[in-house]
Amino acid sequence: MKVIICDSKRQIAQKAGDMIIKRIRENPYLVLGLATGSTPIPLYQYLVNNYQNNKVNFENVISFNLDEYLDNNDQMQSYRYFMNTNLFDYINIPIKKTFFPSKHNYKYYDELIKQAGGIDIQILGIGRNGHIGFNEPGTAFDSKTHIVKLTDVTIKDNARFFNSIDDVPCFAVTMGLNTIMQSKEIILIATGKNKATAIKQMLDNYDVNCPASILKNHQNVTVYLDNDAAEFLTKKE
Ligand code: PGA
């Protein structure tokens, strides 16, 4: 696991973005695994800017999102809406090649990914409790795409996007930890002090109580941190 500590969110977006752009130039049919949340927004803005300046072309790229709410009454809070308004509406990826897990496809989402050739680069954030996607603490390391009941920590964290905490859906569908581990390359981004403990736990443990710690078993992971998220790291790589 390679850990890169950056001075700003902008620098992370640039470094991670340049890596993705390079991969798309090498392989225009790249399969991207995408994440929602506040963390990847600067990265998506960087990709949009580069698309607008003709530095990258998404016309043959395929994407699979990590997760999506179930039984969500507010479509503007769906992860599909988030991806459309933060990335897809501003680049030339064909919308029909952007996939999300759902209650209809979750049983064969892993198979869909496989048929597309597998995920070349998966982008991940991390929850305060160490979750990746909606794989909450205790999720089996061999899990495939599945339906989950969200923990109180996650519901509380996600309430900031809703009018009230009661509007946050209690269920979601997520790629499993094994699904994520099948990706050929993984970029995990964490920014802010509220992620520092999860990052420290991820690097120190290998334990279902910190789902992100499974990534230590992956051959090709780059972790981008700002100084706040790296606060508790003793050995800076
Ligand atoms: P955030 O969410 O980027 O909004 O902090 C990350 C996550 O919960 O995985």
# chains A, B, ... in the order shown; residues from 1 in each chain; ligands from 1
>>> closest_atom_pairs(of="region 40-113 of chain A", to="region 127-140 of chain A", cutoff="12 Å", atoms="only C-alpha atoms", output="CSV")
residue,atom,partner,partner_atom,distance
A:Asn65,CA,A:Gly133,CA,9.2
A:Leu66,CA,A:Gly133,CA,5.7
A:Asp67,CA,A:Gly133,CA,6.0
A:Glu68,CA,A:Phe134,CA,8.7
A:Tyr69,CA,A:Phe134,CA,9.5
A:Leu70,CA,A:Phe134,CA,11.8
A:Tyr79,CA,A:Gly133,CA,11.7
A:Pro101,CA,A:Gly133,CA,11.3
>>> write_last_selection(atoms="all heavy atoms", output="PDB file, in the first residue's frame")
ATOM      1  N   ASN A  65     -20.499   2.404 -10.225  1.00  0.00           N
ATOM      2  CA  ASN A  65     -20.452   3.049  -8.905  1.00  0.00           C
ATOM      3  C   ASN A  65     -20.464   2.016  -7.804  1.00  0.00           C
ATOM      4  O   ASN A  65     -20.957   0.905  -7.958  1.00  0.00           O
ATOM      5  CB  ASN A  65     -21.589   4.057  -8.754  1.00  0.00           C
ATOM      6  CG  ASN A  65     -21.083   5.457  -9.026  1.00  0.00           C
ATOM      7  OD1 ASN A  65     -20.910   5.832 -10.191  1.00  0.00           O
ATOM      8  ND2 ASN A  65     -20.786   6.214  -7.972  1.00  0.00           N
ATOM      9  N   LEU A  66     -19.889   2.437  -6.705  1.00  0.00           N
ATOM     10  CA  LEU A  66     -19.722   1.566  -5.549  1.00  0.00           C
ATOM     11  C   LEU A  66     -21.021   1.195  -4.869  1.00  0.00           C
ATOM     12  O   LEU A  66     -21.186   0.071  -4.398  1.00  0.00           O
ATOM     13  CB  LEU A  66     -18.958   2.353  -4.477  1.00  0.00           C
ATOM     14  CG  LEU A  66     -17.502   2.212  -4.250  1.00  0.00           C
ATOM     15  CD1 LEU A  66     -17.105   3.116  -3.097  1.00  0.00           C
ATOM     16  CD2 LEU A  66     -17.143   0.775  -3.935  1.00  0.00           C
ATOM     17  N   ASP A  67     -21.919   2.191  -4.754  1.00  0.00           N
ATOM     18  CA  ASP A  67     -23.081   1.968  -3.898  1.00  0.00           C
ATOM     19  C   ASP A  67     -24.223   2.908  -4.266  1.00  0.00           C
ATOM     20  O   ASP A  67     -24.042   3.845  -5.051  1.00  0.00           O
ATOM     21  CB  ASP A  67     -22.702   2.112  -2.414  1.00  0.00           C
ATOM     22  CG  ASP A  67     -21.863   3.350  -2.126  1.00  0.00           C
ATOM     23  OD1 ASP A  67     -21.817   4.267  -2.979  1.00  0.00           O
ATOM     24  OD2 ASP A  67     -21.268   3.422  -1.042  1.00  0.00           O
ATOM     25  N   GLU A  68     -25.370   2.635  -3.694  1.00  0.00           N
ATOM     26  CA  GLU A  68     -26.552   3.472  -3.933  1.00  0.00           C
ATOM     27  C   GLU A  68     -27.546   3.218  -2.802  1.00  0.00           C
ATOM     28  O   GLU A  68     -27.576   2.118  -2.231  1.00  0.00           O
ATOM     29  CB  GLU A  68     -27.171   3.113  -5.297  1.00  0.00           C
ATOM     30  CG  GLU A  68     -28.428   3.867  -5.696  1.00  0.00           C
ATOM     31  CD  GLU A  68     -28.264   5.387  -5.766  1.00  0.00           C
ATOM     32  OE1 GLU A  68     -28.201   6.007  -4.678  1.00  0.00           O
ATOM     33  OE2 GLU A  68     -28.213   5.945  -6.881  1.00  0.00           O
ATOM     34  N   TYR A  69     -28.311   4.238  -2.465  1.00  0.00           N
ATOM     35  CA  TYR A  69     -29.364   4.044  -1.460  1.00  0.00           C
ATOM     36  C   TYR A  69     -30.479   3.165  -2.019  1.00  0.00           C
ATOM     37  O   TYR A  69     -30.713   3.137  -3.223  1.00  0.00           O
ATOM     38  CB  TYR A  69     -29.985   5.384  -1.078  1.00  0.00           C
ATOM     39  CG  TYR A  69     -29.096   6.279  -0.266  1.00  0.00           C
ATOM     40  CD1 TYR A  69     -28.787   7.553  -0.708  1.00  0.00           C
ATOM     41  CD2 TYR A  69     -28.592   5.861   0.960  1.00  0.00           C
ATOM     42  CE1 TYR A  69     -27.985   8.397   0.052  1.00  0.00           C
ATOM     43  CE2 TYR A  69     -27.797   6.706   1.722  1.00  0.00           C
ATOM     44  CZ  TYR A  69     -27.500   7.966   1.257  1.00  0.00           C
ATOM     45  OH  TYR A  69     -26.726   8.796   2.002  1.00  0.00           O
ATOM     46  N   LEU A  70     -31.192   2.537  -1.116  1.00  0.00           N
ATOM     47  CA  LEU A  70     -32.408   1.813  -1.483  1.00  0.00           C
ATOM     48  C   LEU A  70     -33.588   2.567  -0.897  1.00  0.00           C
ATOM     49  O   LEU A  70     -33.461   3.180   0.165  1.00  0.00           O
ATOM     50  CB  LEU A  70     -32.413   0.421  -0.855  1.00  0.00           C
ATOM     51  CG  LEU A  70     -31.577  -0.674  -1.507  1.00  0.00           C
ATOM     52  CD1 LEU A  70     -31.881  -1.988  -0.820  1.00  0.00           C
ATOM     53  CD2 LEU A  70     -31.857  -0.779  -2.992  1.00  0.00           C
ATOM     54  N   TYR A  79     -27.309   8.608  -5.405  1.00  0.00           N
ATOM     55  CA  TYR A  79     -25.917   8.672  -5.868  1.00  0.00           C
ATOM     56  C   TYR A  79     -25.845   8.824  -7.381  1.00  0.00           C
ATOM     57  O   TYR A  79     -24.888   9.372  -7.906  1.00  0.00           O
ATOM     58  CB  TYR A  79     -25.148   7.462  -5.367  1.00  0.00           C
ATOM     59  CG  TYR A  79     -24.887   7.550  -3.868  1.00  0.00           C
ATOM     60  CD1 TYR A  79     -24.369   6.475  -3.163  1.00  0.00           C
ATOM     61  CD2 TYR A  79     -25.143   8.725  -3.158  1.00  0.00           C
ATOM     62  CE1 TYR A  79     -24.117   6.567  -1.796  1.00  0.00           C
ATOM     63  CE2 TYR A  79     -24.896   8.830  -1.810  1.00  0.00           C
ATOM     64  CZ  TYR A  79     -24.388   7.745  -1.129  1.00  0.00           C
ATOM     65  OH  TYR A  79     -24.132   7.844   0.207  1.00  0.00           O
ATOM     66  N   PRO A 101     -25.275  -0.125  -8.578  1.00  0.00           N
ATOM     67  CA  PRO A 101     -25.955  -1.303  -8.039  1.00  0.00           C
ATOM     68  C   PRO A 101     -27.376  -0.911  -7.612  1.00  0.00           C
ATOM     69  O   PRO A 101     -27.616   0.239  -7.226  1.00  0.00           O
ATOM     70  CB  PRO A 101     -25.101  -1.676  -6.821  1.00  0.00           C
ATOM     71  CG  PRO A 101     -24.441  -0.413  -6.408  1.00  0.00           C
ATOM     72  CD  PRO A 101     -24.286   0.429  -7.651  1.00  0.00           C
TER      73      PRO A 101
END
>>> select_by_dssp(residues="region 134-180 of chain A", states="strand (DSSP E)", output="PDB file with N, CA, C and O atoms, in the first residue's frame")
ATOM      1  N   HIS A 146     -24.107  -6.500  -2.236  1.00  0.00           N
ATOM      2  CA  HIS A 146     -25.193  -6.939  -1.351  1.00  0.00           C
ATOM      3  C   HIS A 146     -25.954  -5.737  -0.777  1.00  0.00           C
ATOM      4  O   HIS A 146     -25.479  -4.597  -0.855  1.00  0.00           O
ATOM      5  N   ILE A 147     -27.092  -6.061  -0.168  1.00  0.00           N
ATOM      6  CA  ILE A 147     -27.907  -5.018   0.484  1.00  0.00           C
ATOM      7  C   ILE A 147     -27.465  -4.897   1.943  1.00  0.00           C
ATOM      8  O   ILE A 147     -27.174  -5.905   2.586  1.00  0.00           O
ATOM      9  N   VAL A 148     -27.379  -3.663   2.433  1.00  0.00           N
ATOM     10  CA  VAL A 148     -26.941  -3.451   3.820  1.00  0.00           C
ATOM     11  C   VAL A 148     -27.887  -2.525   4.561  1.00  0.00           C
ATOM     12  O   VAL A 148     -28.496  -1.640   3.969  1.00  0.00           O
ATOM     13  N   LYS A 149     -27.937  -2.728   5.865  1.00  0.00           N
ATOM     14  CA  LYS A 149     -28.617  -1.773   6.738  1.00  0.00           C
ATOM     15  C   LYS A 149     -27.524  -0.833   7.219  1.00  0.00           C
ATOM     16  O   LYS A 149     -26.473  -1.295   7.699  1.00  0.00           O
ATOM     17  N   PHE A 171     -31.351   1.760   4.255  1.00  0.00           N
ATOM     18  CA  PHE A 171     -30.756   0.642   3.518  1.00  0.00           C
ATOM     19  C   PHE A 171     -30.046   1.137   2.267  1.00  0.00           C
ATOM     20  O   PHE A 171     -30.409   2.174   1.705  1.00  0.00           O
ATOM     21  N   ALA A 172     -29.053   0.386   1.884  1.00  0.00           N
ATOM     22  CA  ALA A 172     -28.320   0.714   0.662  1.00  0.00           C
ATOM     23  C   ALA A 172     -27.872  -0.587   0.019  1.00  0.00           C
ATOM     24  O   ALA A 172     -27.965  -1.663   0.622  1.00  0.00           O
ATOM     25  N   VAL A 173     -27.395  -0.466  -1.214  1.00  0.00           N
ATOM     26  CA  VAL A 173     -26.795  -1.622  -1.864  1.00  0.00           C
ATOM     27  C   VAL A 173     -25.364  -1.223  -2.197  1.00  0.00           C
ATOM     28  O   VAL A 173     -25.103  -0.092  -2.607  1.00  0.00           O
ATOM     29  N   THR A 174     -24.446  -2.121  -1.948  1.00  0.00           N
ATOM     30  CA  THR A 174     -23.026  -1.777  -2.094  1.00  0.00           C
ATOM     31  C   THR A 174     -22.231  -2.911  -2.720  1.00  0.00           C
ATOM     32  O   THR A 174     -22.561  -4.085  -2.509  1.00  0.00           O
TER      33      THR A 174
END
>>> select_by_dssp(residues="region 56-216 of chain A", states="alpha helix (DSSP H)", output="ChimeraX atom specification")
/A:79-86,109-115,152-158,177-181,196-204
>>> residues_near_ligand(ligand="ligand 1", cutoff="8 Å", atoms="only C-alpha atoms and all ligand atoms", output="count of residues only")
21
>>> closest_residue(among="A:Ala116, A:Ile41, A:Ile155, A:Leu233", to="Phe64 (chain A)", atoms="only C-alpha atoms")
A:Ala116
>>> closest_residue(among="A:Leu30, A:Ile91, A:Ile180, A:Ile214", to="Gln45 (chain A)", atoms="only C-alpha atoms")
A:Ile91
>>> closest_residue(among="A:Asp74, A:Asp152, A:Asp89, A:Asp142", to="Asp167 (chain A)", atoms="only C-alpha atoms")
A:Asp74
>>> residues_around(residues="Asn54 (chain A)", least_positions_apart="5", cutoff="12 Å", atoms="only C-alpha atoms", output="PyMOL selection string")
chain A and resi 21+25+47-49+91-92
>>> residues_around(residues="Lys193 (chain A)", least_positions_apart="4", cutoff="10 Å", atoms="only C-alpha atoms", output="compact mmCIF listing (two decimals) with N, CA and C atoms, in the first residue's frame")
# COMPACT_ATOMS: atom_id res chain seq x y z
N ARG A 128 -15.76 7.37 8.70
CA ARG A 128 -15.13 7.54 10.02
C ARG A 128 -14.97 6.22 10.72
N THR A 197 -8.45 8.80 12.50
CA THR A 197 -8.50 7.55 13.26
C THR A 197 -8.74 6.36 12.34
N ALA A 198 -9.67 6.52 11.40
CA ALA A 198 -9.96 5.41 10.47
C ALA A 198 -8.71 5.05 9.66
N ASP A 226 -4.52 14.10 3.12
CA ASP A 226 -4.02 15.43 3.44
C ASP A 226 -3.37 15.34 4.83
N ASN A 227 -2.76 16.42 5.28
CA ASN A 227 -2.04 16.36 6.55
C ASN A 227 -2.97 16.05 7.72
N ASP A 228 -4.21 16.50 7.64
CA ASP A 228 -5.16 16.23 8.74
C ASP A 228 -5.47 14.74 8.83
N ALA A 229 -5.74 14.13 7.72
CA ALA A 229 -6.08 12.69 7.74
C ALA A 229 -4.87 11.84 8.10
N ALA A 230 -3.67 12.41 7.89
CA ALA A 230 -2.43 11.67 8.19
C ALA A 230 -1.94 11.95 9.62
N GLU A 231 -2.75 12.67 10.39
CA GLU A 231 -2.31 13.17 11.70
C GLU A 231 -1.72 12.09 12.61
N PHE A 232 -2.31 10.90 12.62
CA PHE A 232 -1.86 9.88 13.57
C PHE A 232 -0.84 8.90 12.99
>>> residues_around(residues="Lys96 (chain A)", least_positions_apart="5", cutoff="12 Å", atoms="only C-alpha atoms", output="PDB file with N, CA and C atoms, in the first residue's frame")
ATOM      1  N   GLU A  59     -15.242   8.922 -24.008  1.00  0.00           N
ATOM      2  CA  GLU A  59     -16.322   8.354 -24.824  1.00  0.00           C
ATOM      3  C   GLU A  59     -16.390   6.830 -24.795  1.00  0.00           C
ATOM      4  N   ASN A  60     -15.269   6.186 -24.471  1.00  0.00           N
ATOM      5  CA  ASN A  60     -15.301   4.711 -24.414  1.00  0.00           C
ATOM      6  C   ASN A  60     -15.162   4.163 -22.996  1.00  0.00           C
ATOM      7  N   VAL A  61     -15.141   5.065 -22.038  1.00  0.00           N
ATOM      8  CA  VAL A  61     -14.964   4.635 -20.639  1.00  0.00           C
ATOM      9  C   VAL A  61     -16.285   4.052 -20.113  1.00  0.00           C
ATOM     10  N   ILE A  62     -16.158   3.056 -19.257  1.00  0.00           N
ATOM     11  CA  ILE A  62     -17.333   2.454 -18.593  1.00  0.00           C
ATOM     12  C   ILE A  62     -17.152   2.714 -17.104  1.00  0.00           C
ATOM     13  N   SER A  63     -18.252   2.968 -16.396  1.00  0.00           N
ATOM     14  CA  SER A  63     -18.091   3.155 -14.947  1.00  0.00           C
ATOM     15  C   SER A  63     -19.088   2.310 -14.159  1.00  0.00           C
ATOM     16  N   PHE A  64     -18.626   1.899 -12.995  1.00  0.00           N
ATOM     17  CA  PHE A  64     -19.472   1.189 -12.036  1.00  0.00           C
ATOM     18  C   PHE A  64     -19.384   1.929 -10.715  1.00  0.00           C
ATOM     19  N   PHE A  88     -20.835  13.248 -14.587  1.00  0.00           N
ATOM     20  CA  PHE A  88     -21.298  12.724 -15.879  1.00  0.00           C
ATOM     21  C   PHE A  88     -21.891  13.800 -16.795  1.00  0.00           C
TER      22      PHE A  88
END
>>> residues_around(residues="Tyr46 (chain A)", least_positions_apart="4", cutoff="8 Å", atoms="only C-alpha atoms", output="MDAnalysis selection string")
chainID A and resid 13:14 17 42 50
>>> closest_residue(among="A:Val223, A:Ala159, A:Ile165, A:Leu215", to="Leu177 (chain A)", atoms="only C-alpha atoms")
A:Leu215
